[in-house]
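What follows is start36.pdb (PDB, C-alpha atoms).
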ATOM      1  CA  ALA I 758       0.000   0.000   0.000
ATOM      2  CA  VAL I 759       2.809   2.453   0.790
ATOM      3  CA  ALA I 760       5.192   1.326  -1.992
ATOM      4  CA  PRO I 761       4.047   4.042  -4.469
ATOM      5  CA  TRP I 762       4.778   6.697  -1.858
ATOM      6  CA  TYR I 763       8.311   5.396  -1.354
ATOM      7  CA  GLY I 764       8.846   5.757  -5.094
ATOM      8  CA  GLN I 765       8.372   9.524  -4.688
ATOM      9  CA  VAL I 766      10.839   9.910  -1.817
ATOM     10  CA  PRO I 767      13.999  10.535  -3.936
ATOM     11  CA  ALA I 768      12.308  13.340  -5.877
ATOM     12  CA  SER I 769      10.963  14.847  -2.660
ATOM     13  CA  LEU I 770      14.375  14.796  -0.978
ATOM     14  CA  ALA I 771      15.975  16.443  -4.024
ATOM     15  CA  ARG I 772      13.784  19.530  -3.669
ATOM     16  CA  TRP I 773      14.954  22.607  -1.794
ATOM     17  CA  ARG I 774      13.890  22.765   1.831
ATOM     18  CA  ILE I 775      13.428  25.831   3.997
ATOM     19  CA  THR I 776      15.623  24.181   6.629
ATOM     20  CA  GLY I 777      18.511  24.408   4.178
ATOM     21  CA  THR I 778      21.574  22.237   4.780
ATOM     22  CA  TRP I 779      21.485  21.899   8.559
ATOM     23  CA  LEU I 780      21.450  18.086   8.344
ATOM     24  CA  ASP I 781      24.243  17.855   5.787
ATOM     25  CA  ASP I 782      27.019  16.912   8.254
ATOM     26  CA  PRO I 783      27.349  13.120   7.752
ATOM     27  CA  LEU I 784      27.758  10.658  10.595
ATOM     28  CA  HIS I 785      31.327   9.991  11.713
ATOM     29  CA  TRP I 786      32.796   6.896  13.318
ATOM     30  CA  PRO I 787      31.664   5.506  15.768
ATOM     31  CA  GLU I 788      28.286   7.200  15.194
ATOM     32  CA  HIS I 789      27.599   4.775  12.336
ATOM     33  CA  VAL I 790      27.203   2.076  14.976
ATOM     34  CA  SER I 791      26.175   3.986  18.109
ATOM     35  CA  ARG I 792      23.348   6.206  16.842
ATOM     36  CA  PRO I 793      20.552   3.549  16.826
ATOM     37  CA  PHE I 794      21.346   2.648  20.439
ATOM     38  CA  GLU I 795      21.487   6.301  21.506
ATOM     39  CA  LEU I 796      18.161   7.006  19.795
ATOM     40  CA  ALA I 797      16.541   3.999  21.491
ATOM     41  CA  TRP I 798      17.963   5.145  24.827
ATOM     42  CA  SER I 799      16.533   8.649  24.299
ATOM     43  CA  LEU I 800      13.054   7.097  24.381
ATOM     44  CA  LEU I 801      13.734   5.416  27.730
ATOM     45  CA  ALA I 802      15.645   8.259  29.369
ATOM     46  CA  GLY I 803      12.988  10.829  28.513
ATOM     47  CA  GLY I 804      14.929  13.838  29.708
ATOM     48  CA  SER I 805      17.752  13.287  27.226
ATOM     49  CA  GLN I 806      15.507  14.815  24.569
ATOM     50  CA  TRP I 807      16.312  18.249  26.044
ATOM     51  CA  GLY I 808      19.646  17.736  27.746
ATOM     52  CA  GLY I 809      19.027  15.929  31.007
ATOM     53  CA  SER I 810      21.755  14.844  33.418
ATOM     54  CA  PRO I 811      24.433  12.177  32.838
ATOM     55  CA  ALA I 812      24.213  11.158  36.502
ATOM     56  CA  VAL I 813      20.430  10.714  36.323
ATOM     57  CA  ASP I 814      20.788   8.843  33.022
ATOM     58  CA  GLY I 815      23.214   6.508  34.770
ATOM     59  CA  VAL I 816      20.701   5.803  37.534
ATOM     60  CA  LEU I 817      17.960   5.167  34.958
ATOM     61  CA  ALA I 818      20.265   2.836  33.017
ATOM     62  CA  ALA I 819      20.976   0.884  36.204
ATOM     63  CA  LEU I 820      17.245   0.700  36.928
ATOM     64  CA  TYR I 821      16.467  -0.716  33.482
ATOM     65  CA  ALA I 822      19.433  -3.099  33.756
ATOM     66  CA  LEU I 823      18.128  -4.433  37.084
ATOM     67  CA  LEU I 824      14.713  -4.956  35.502
ATOM     68  CA  GLY I 825      16.322  -6.853  32.618
ATOM     69  CA  LEU I 826      18.349  -9.062  34.978
ATOM     70  CA  TRP I 827      15.254  -9.814  37.069
ATOM     71  CA  LEU I 828      13.331 -10.804  33.932
ATOM     72  CA  LEU I 829      16.240 -12.957  32.757
ATOM     73  CA  ARG I 830      16.706 -14.757  36.086
ATOM     74  CA  GLY I 831      12.993 -15.286  36.487
ATOM     75  CA  GLY I 832      12.613 -16.741  33.005
ATOM     76  CA  LYS I 833      10.200 -13.961  32.063
ATOM     77  CA  LEU I 834      12.329 -12.286  29.391
ATOM     78  CA  ALA I 835      11.074 -14.592  26.632
ATOM     79  CA  ALA I 836       7.517 -13.298  27.159
ATOM     80  CA  LEU I 837       8.703  -9.840  26.107
ATOM     81  CA  PHE I 838       9.566 -11.289  22.682
ATOM     82  CA  SER I 839       6.446 -13.439  22.276
ATOM     83  CA  PRO I 840       4.625 -13.367  18.891
ATOM     84  CA  GLU I 841       1.936 -10.956  20.148
ATOM     85  CA  ARG I 842       4.671  -8.441  21.037
ATOM     86  CA  ARG I 843       6.456  -8.518  17.673
ATOM     87  CA  LEU I 844       4.398  -5.758  16.080
ATOM     88  CA  VAL I 845       5.382  -3.409  18.929
ATOM     89  CA  TRP I 846       9.048  -4.329  18.456
ATOM     90  CA  LEU I 847       8.754  -3.678  14.709
ATOM     91  CA  TRP I 848       7.111  -0.317  15.440
ATOM     92  CA  LEU I 849       9.996   0.644  17.729
ATOM     93  CA  ALA I 850      12.623  -0.613  15.269
ATOM     94  CA  ALA I 851      11.091   1.352  12.385
ATOM     95  CA  ALA I 852      11.053   4.573  14.419
ATOM     96  CA  VAL I 853      14.647   4.175  15.641
ATOM     97  CA  LEU I 854      16.268   2.743  12.501
ATOM     98  CA  GLY I 855      14.494   5.057  10.041
ATOM     99  CA  PRO I 856      16.575   8.236  10.653
ATOM    100  CA  TRP I 857      19.757   6.146  10.918
ATOM    101  CA  ALA I 858      19.118   4.407   7.582
ATOM    102  CA  PHE I 859      18.253   7.805   6.078
ATOM    103  CA  ASP I 860      21.655   9.089   7.210
ATOM    104  CA  LEU I 861      23.526   6.112   5.779
ATOM    105  CA  VAL I 862      21.862   6.557   2.387
ATOM    106  CA  ARG I 863      21.824  10.366   2.237
ATOM    107  CA  HIS I 864      25.087  11.058   4.148
ATOM    108  CA  THR I 865      23.289  13.344   6.613
ATOM    109  CA  GLY I 866      23.119  13.731  10.403
ATOM    110  CA  ALA I 867      19.376  13.462  11.104
ATOM    111  CA  SER I 868      19.852  10.660  13.643
ATOM    112  CA  ARG I 869      21.705  13.082  15.935
ATOM    113  CA  ILE I 870      18.352  14.680  16.751
ATOM    114  CA  PRO I 871      16.406  12.534  19.253
ATOM    115  CA  ARG I 872      13.018  14.137  18.573
ATOM    116  CA  TYR I 873      12.984  12.517  15.129
ATOM    117  CA  VAL I 874      12.274   9.160  16.794
ATOM    118  CA  LEU I 875       9.460  10.345  19.078
ATOM    119  CA  GLY I 876       7.041   8.336  16.945
ATOM    120  CA  GLY I 877       8.479   5.276  18.683
ATOM    121  CA  LEU I 878       7.835   6.563  22.214
ATOM    122  CA  PRO I 879       4.434   4.822  22.622
ATOM    123  CA  ALA I 880       6.005   1.535  21.492
ATOM    124  CA  ALA I 881       8.873   1.937  23.968
ATOM    125  CA  MET I 882       6.425   2.660  26.795
ATOM    126  CA  LEU I 883       4.301  -0.362  25.874
ATOM    127  CA  LEU I 884       7.366  -2.610  26.009
ATOM    128  CA  VAL I 885       8.369  -1.216  29.403
ATOM    129  CA  ALA I 886       4.789  -1.762  30.595
ATOM    130  CA  PHE I 887       4.922  -5.383  29.415
ATOM    131  CA  ALA I 888       8.279  -5.809  31.177
ATOM    132  CA  ILE I 889       7.129  -4.488  34.576
ATOM    133  CA  ARG I 890       3.783  -6.281  34.475
ATOM    134  CA  PRO I 891       5.058  -9.358  36.404
ATOM    135  CA  LEU I 892       6.374  -7.161  39.255
ATOM    136  CA  SER I 893       4.394  -6.784  42.451
ATOM    137  CA  ASP I 894       2.138  -3.729  42.720
ATOM    138  CA  ARG I 895       4.474  -1.895  45.107
ATOM    139  CA  VAL I 896       7.648  -2.612  43.130
ATOM    140  CA  ARG I 897       5.917  -1.639  39.893
ATOM    141  CA  ALA I 898       4.712   1.651  41.411
ATOM    142  CA  ALA I 899       8.206   2.375  42.759
ATOM    143  CA  PHE I 900       9.774   1.652  39.352
ATOM    144  CA  VAL I 901       7.370   4.003  37.544
ATOM    145  CA  ALA I 902       7.862   6.711  40.183
ATOM    146  CA  LEU I 903      11.668   6.511  39.876
ATOM    147  CA  VAL I 904      11.510   6.698  36.070
ATOM    148  CA  LEU I 905       9.187   9.695  36.165
ATOM    149  CA  LEU I 906      11.413  11.365  38.743
ATOM    150  CA  GLY I 907      14.439  10.752  36.518
ATOM    151  CA  TRP I 908      12.658  12.280  33.542
ATOM    152  CA  THR I 909      12.269  15.578  35.414
ATOM    153  CA  ALA I 910      16.036  16.142  35.020
ATOM    154  CA  GLY I 911      15.424  16.846  31.354
ATOM    155  CA  LEU I 912      12.181  18.724  31.851
ATOM    156  CA  ALA I 913      13.484  21.095  34.529
ATOM    157  CA  PRO I 914      15.613  23.190  32.121
ATOM    158  CA  ILE I 915      12.503  23.897  30.023
ATOM    159  CA  ILE I 916      10.874  25.473  33.090
ATOM    160  CA  ARG I 917      14.000  27.220  34.464
ATOM    161  CA  GLN I 918      15.381  28.700  31.269
ATOM    162  CA  PRO I 919      13.588  31.597  29.560
ATOM    163  CA  SER I 920      14.436  30.097  26.164
ATOM    164  CA  ARG I 921      16.071  27.081  24.607
ATOM    165  CA  PRO I 922      19.904  27.104  24.459
ATOM    166  CA  GLY I 923      21.017  29.399  21.651
ATOM    167  CA  ALA I 924      17.499  30.726  21.088
ATOM    168  CA  VAL I 925      17.830  34.377  22.091
ATOM    169  CA  TYR I 926      14.455  35.451  20.740
ATOM    170  CA  ARG I 927      13.667  37.944  23.504
ATOM    171  CA  ALA I 928      17.001  39.738  23.058
ATOM    172  CA  LEU I 929      16.507  39.834  19.280
ATOM    173  CA  ALA I 930      12.966  41.167  19.695
ATOM    174  CA  SER I 931      14.173  43.934  22.031
ATOM    175  CA  GLU I 932      16.902  44.947  19.588
ATOM    176  CA  LEU I 933      14.462  44.974  16.665
ATOM    177  CA  GLU I 934      11.949  47.092  18.581
ATOM    178  CA  ARG I 935      14.741  49.546  19.408
ATOM    179  CA  ARG I 936      15.841  49.841  15.786
ATOM    180  CA  LEU I 937      12.505  49.864  13.956
ATOM    181  CA  ARG I 938      10.903  53.188  13.157
ATOM    182  CA  PRO I 939       7.592  53.993  14.875
ATOM    183  CA  ASP I 940       5.779  53.888  11.534
ATOM    184  CA  GLY I 941       6.808  50.268  10.996
ATOM    185  CA  GLY I 942       9.406  48.350   9.033
ATOM    186  CA  LEU I 943      10.198  45.066   7.312
ATOM    187  CA  VAL I 944      11.948  42.220   9.133
ATOM    188  CA  LEU I 945      13.296  39.241   7.173
ATOM    189  CA  VAL I 946      13.921  36.164   9.315
ATOM    190  CA  HIS I 947      16.292  33.523   7.972
ATOM    191  CA  SER I 948      15.352  30.551  10.124
ATOM    192  CA  VAL I 949      13.514  27.272  10.378
ATOM    193  CA  PRO I 950       9.728  27.778  10.740
ATOM    194  CA  SER I 951       9.801  27.362  14.522
ATOM    195  CA  GLY I 952      12.313  30.224  14.725
ATOM    196  CA  VAL I 953       9.988  32.517  12.776
ATOM    197  CA  VAL I 954       7.099  31.638  15.086
ATOM    198  CA  ALA I 955       9.233  32.111  18.230
ATOM    199  CA  LEU I 956      10.506  35.520  17.127
ATOM    200  CA  SER I 957       6.981  36.609  16.197
ATOM    201  CA  ARG I 958       5.798  35.556  19.643
ATOM    202  CA  ALA I 959       8.600  37.494  21.328
ATOM    203  CA  LEU I 960       7.755  40.589  19.312
TER     204      LEU I 960
END
How would this structure read if it were set down as structure tokens?
Amino acid sequence: AVAPWYGQVPASLARWRITGTWLDDPLHWPEHVSRPFELAWSLLAGGSQWGGSPAVDGVLAALYALLGLWLLRGGKLAALFSPERRLVWLWLAAAVLGPWAFDLVRHTGASRIPRYVLGGLPAAMLLVAFAIRPLSDRVRAAFVALVLLGWTAGLAPIIRQPSRPGAVYRALASELERRLRPDGGLVLVHSVPSGVVALSRAL
């Protein structure tokens, strides 16, 4: 059903894009191997989408590792790969491997941007839910609480900082308002669409 659409992809990618060449830096070694794992981890760490904390990521990694060991020792790991779970695994694999395969073919760096795999977040959460299902109610609640607490490390900067790193929209807006004549003026913004919207909001 989707094969005809894939036939149009090369022509679509050859067209000019308003985002310009910001993805044109190809992957370098060892990114060719590490990027799929880092993208998959970004779905589990949550906060790594916006920076997060290496120390908190380490605690979360240990938490997931303990869960994996418990499933392995209890003989419950096989259930996570049962036939009825395969569609969820394929969903996750498609979301994570898509940008990476795109980079290998197009010699770009799209897989350096974790938000491009957010389509796989529901699949990742379903798999974690399947994994913690055999735990007791209290242990399961504690696991979820610790994961959610760990995710706040990446969400906190969004609340604390007035703008995203490098996005000085308020300062730009103040400078523009100082320079523009009272009867108006024309401002050309060379940016991705979100930058245009953010600057308009600041103005």
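Residues matched by the PyMOL selection byres ((chain I and resi 935-950) around 12) in this structure: Arg774, Ile775, Thr776, Gly777, Thr778, Trp779, Ala924, Tyr926, Ala928, Leu929, Ala930, Ser931, Glu932, Leu933, Glu934, Ser951, Gly952, Val953, Val954, Ala955, Leu956, Ser957 and Leu960 of chain I.
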Selection from above, C-alpha atoms, as a PDB file, keeping the file's coordinate frame, can you write it?
ATOM      1  CA  ARG I 774      13.890  22.765   1.831  1.00  0.00           C
ATOM      2  CA  ILE I 775      13.428  25.831   3.997  1.00  0.00           C
ATOM      3  CA  THR I 776      15.623  24.181   6.629  1.00  0.00           C
ATOM      4  CA  GLY I 777      18.511  24.408   4.178  1.00  0.00           C
ATOM      5  CA  THR I 778      21.574  22.237   4.780  1.00  0.00           C
ATOM      6  CA  TRP I 779      21.485  21.899   8.559  1.00  0.00           C
ATOM      7  CA  ALA I 924      17.499  30.726  21.088  1.00  0.00           C
ATOM      8  CA  TYR I 926      14.455  35.451  20.740  1.00  0.00           C
ATOM      9  CA  ALA I 928      17.001  39.738  23.058  1.00  0.00           C
ATOM     10  CA  LEU I 929      16.507  39.834  19.280  1.00  0.00           C
ATOM     11  CA  ALA I 930      12.966  41.167  19.695  1.00  0.00           C
ATOM     12  CA  SER I 931      14.173  43.934  22.031  1.00  0.00           C
ATOM     13  CA  GLU I 932      16.902  44.947  19.588  1.00  0.00           C
ATOM     14  CA  LEU I 933      14.462  44.974  16.665  1.00  0.00           C
ATOM     15  CA  GLU I 934      11.949  47.092  18.581  1.00  0.00           C
ATOM     16  CA  SER I 951       9.801  27.362  14.522  1.00  0.00           C
ATOM     17  CA  GLY I 952      12.313  30.224  14.725  1.00  0.00           C
ATOM     18  CA  VAL I 953       9.988  32.517  12.776  1.00  0.00           C
ATOM     19  CA  VAL I 954       7.099  31.638  15.086  1.00  0.00           C
ATOM     20  CA  ALA I 955       9.233  32.111  18.230  1.00  0.00           C
ATOM     21  CA  LEU I 956      10.506  35.520  17.127  1.00  0.00           C
ATOM     22  CA  SER I 957       6.981  36.609  16.197  1.00  0.00           C
ATOM     23  CA  LEU I 960       7.755  40.589  19.312  1.00  0.00           C
TER      24      LEU I 960
END
Minimum-distance residue to Gly815 (chain I), chosen among I:Ile889, I:Leu875, I:Ala760, I:Leu801 (using all atoms listed in the file): I:Leu801
Protein and nucleic acid residues near (12.6, -0.4, 17.2) (cut-off 9 Å, only C-alpha atoms) as a list in words: Pro793, Ala797, Val845, Trp846, Leu847, Trp848, Leu849, Ala850, Ala851, Ala852, Val853, Leu854, Gly877, Ala880 and Ala881 of chain I
If you keep C-alpha atoms, can you produce a file of those selected residues as a compact mmCIF listing (two decimals), keeping the file's coordinate frame?
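Output (result_23.txt):
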# COMPACT_ATOMS: atom_id res chain seq x y z
CA PRO I 793 20.55 3.55 16.83
CA ALA I 797 16.54 4.00 21.49
CA VAL I 845 5.38 -3.41 18.93
CA TRP I 846 9.05 -4.33 18.46
CA LEU I 847 8.75 -3.68 14.71
CA TRP I 848 7.11 -0.32 15.44
CA LEU I 849 10.00 0.64 17.73
CA ALA I 850 12.62 -0.61 15.27
CA ALA I 851 11.09 1.35 12.38
CA ALA I 852 11.05 4.57 14.42
CA VAL I 853 14.65 4.18 15.64
CA LEU I 854 16.27 2.74 12.50
CA GLY I 877 8.48 5.28 18.68
CA ALA I 880 6.00 1.54 21.49
CA ALA I 881 8.87 1.94 23.97
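Here the question is which of I:Pro783, I:Pro891, I:Pro811, I:Gly907 gets nearest to His864 (chain I) using all atoms listed in the file, and that residue is I:Pro783.
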Expansion of the PyMOL selection byres ((chain I and resi 896-905) around 12) into residues, as an MDAnalysis selection string: chainID I and resid 800:804 813:821 823:824 882 885:895 906:912
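Counting from CA of Pro856 (chain I), the distance to CA of Pro871 (chain I) is 9.6 Å.
Remark: for Tyr873 (chain I), the closest of the candidate residues I:Leu844, I:Asp860, I:Leu796, I:Gln918 is I:Leu796 (distances computed over only C-alpha atoms).
With all atoms listed in the file as the atoms that count, the minimum distance from Val766 (chain I) to the choices I:Arg863, I:Pro787, I:Leu828, I:Ala836 is reached by I:Arg863.
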Edge lengths and centre in Å to one decimal, as JSON, is what I'm after for the box along x, y and z that holds all listed atoms of region 841-858 of chain I once 4 Å is added on each side.
{"center_x": 10.8, "center_y": -1.4, "center_z": 14.3, "size_x": 25.8, "size_y": 27.2, "size_z": 21.5}
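CA of Leu878 (chain I) lies 29.2 Å from CA of Arg958 (chain I).
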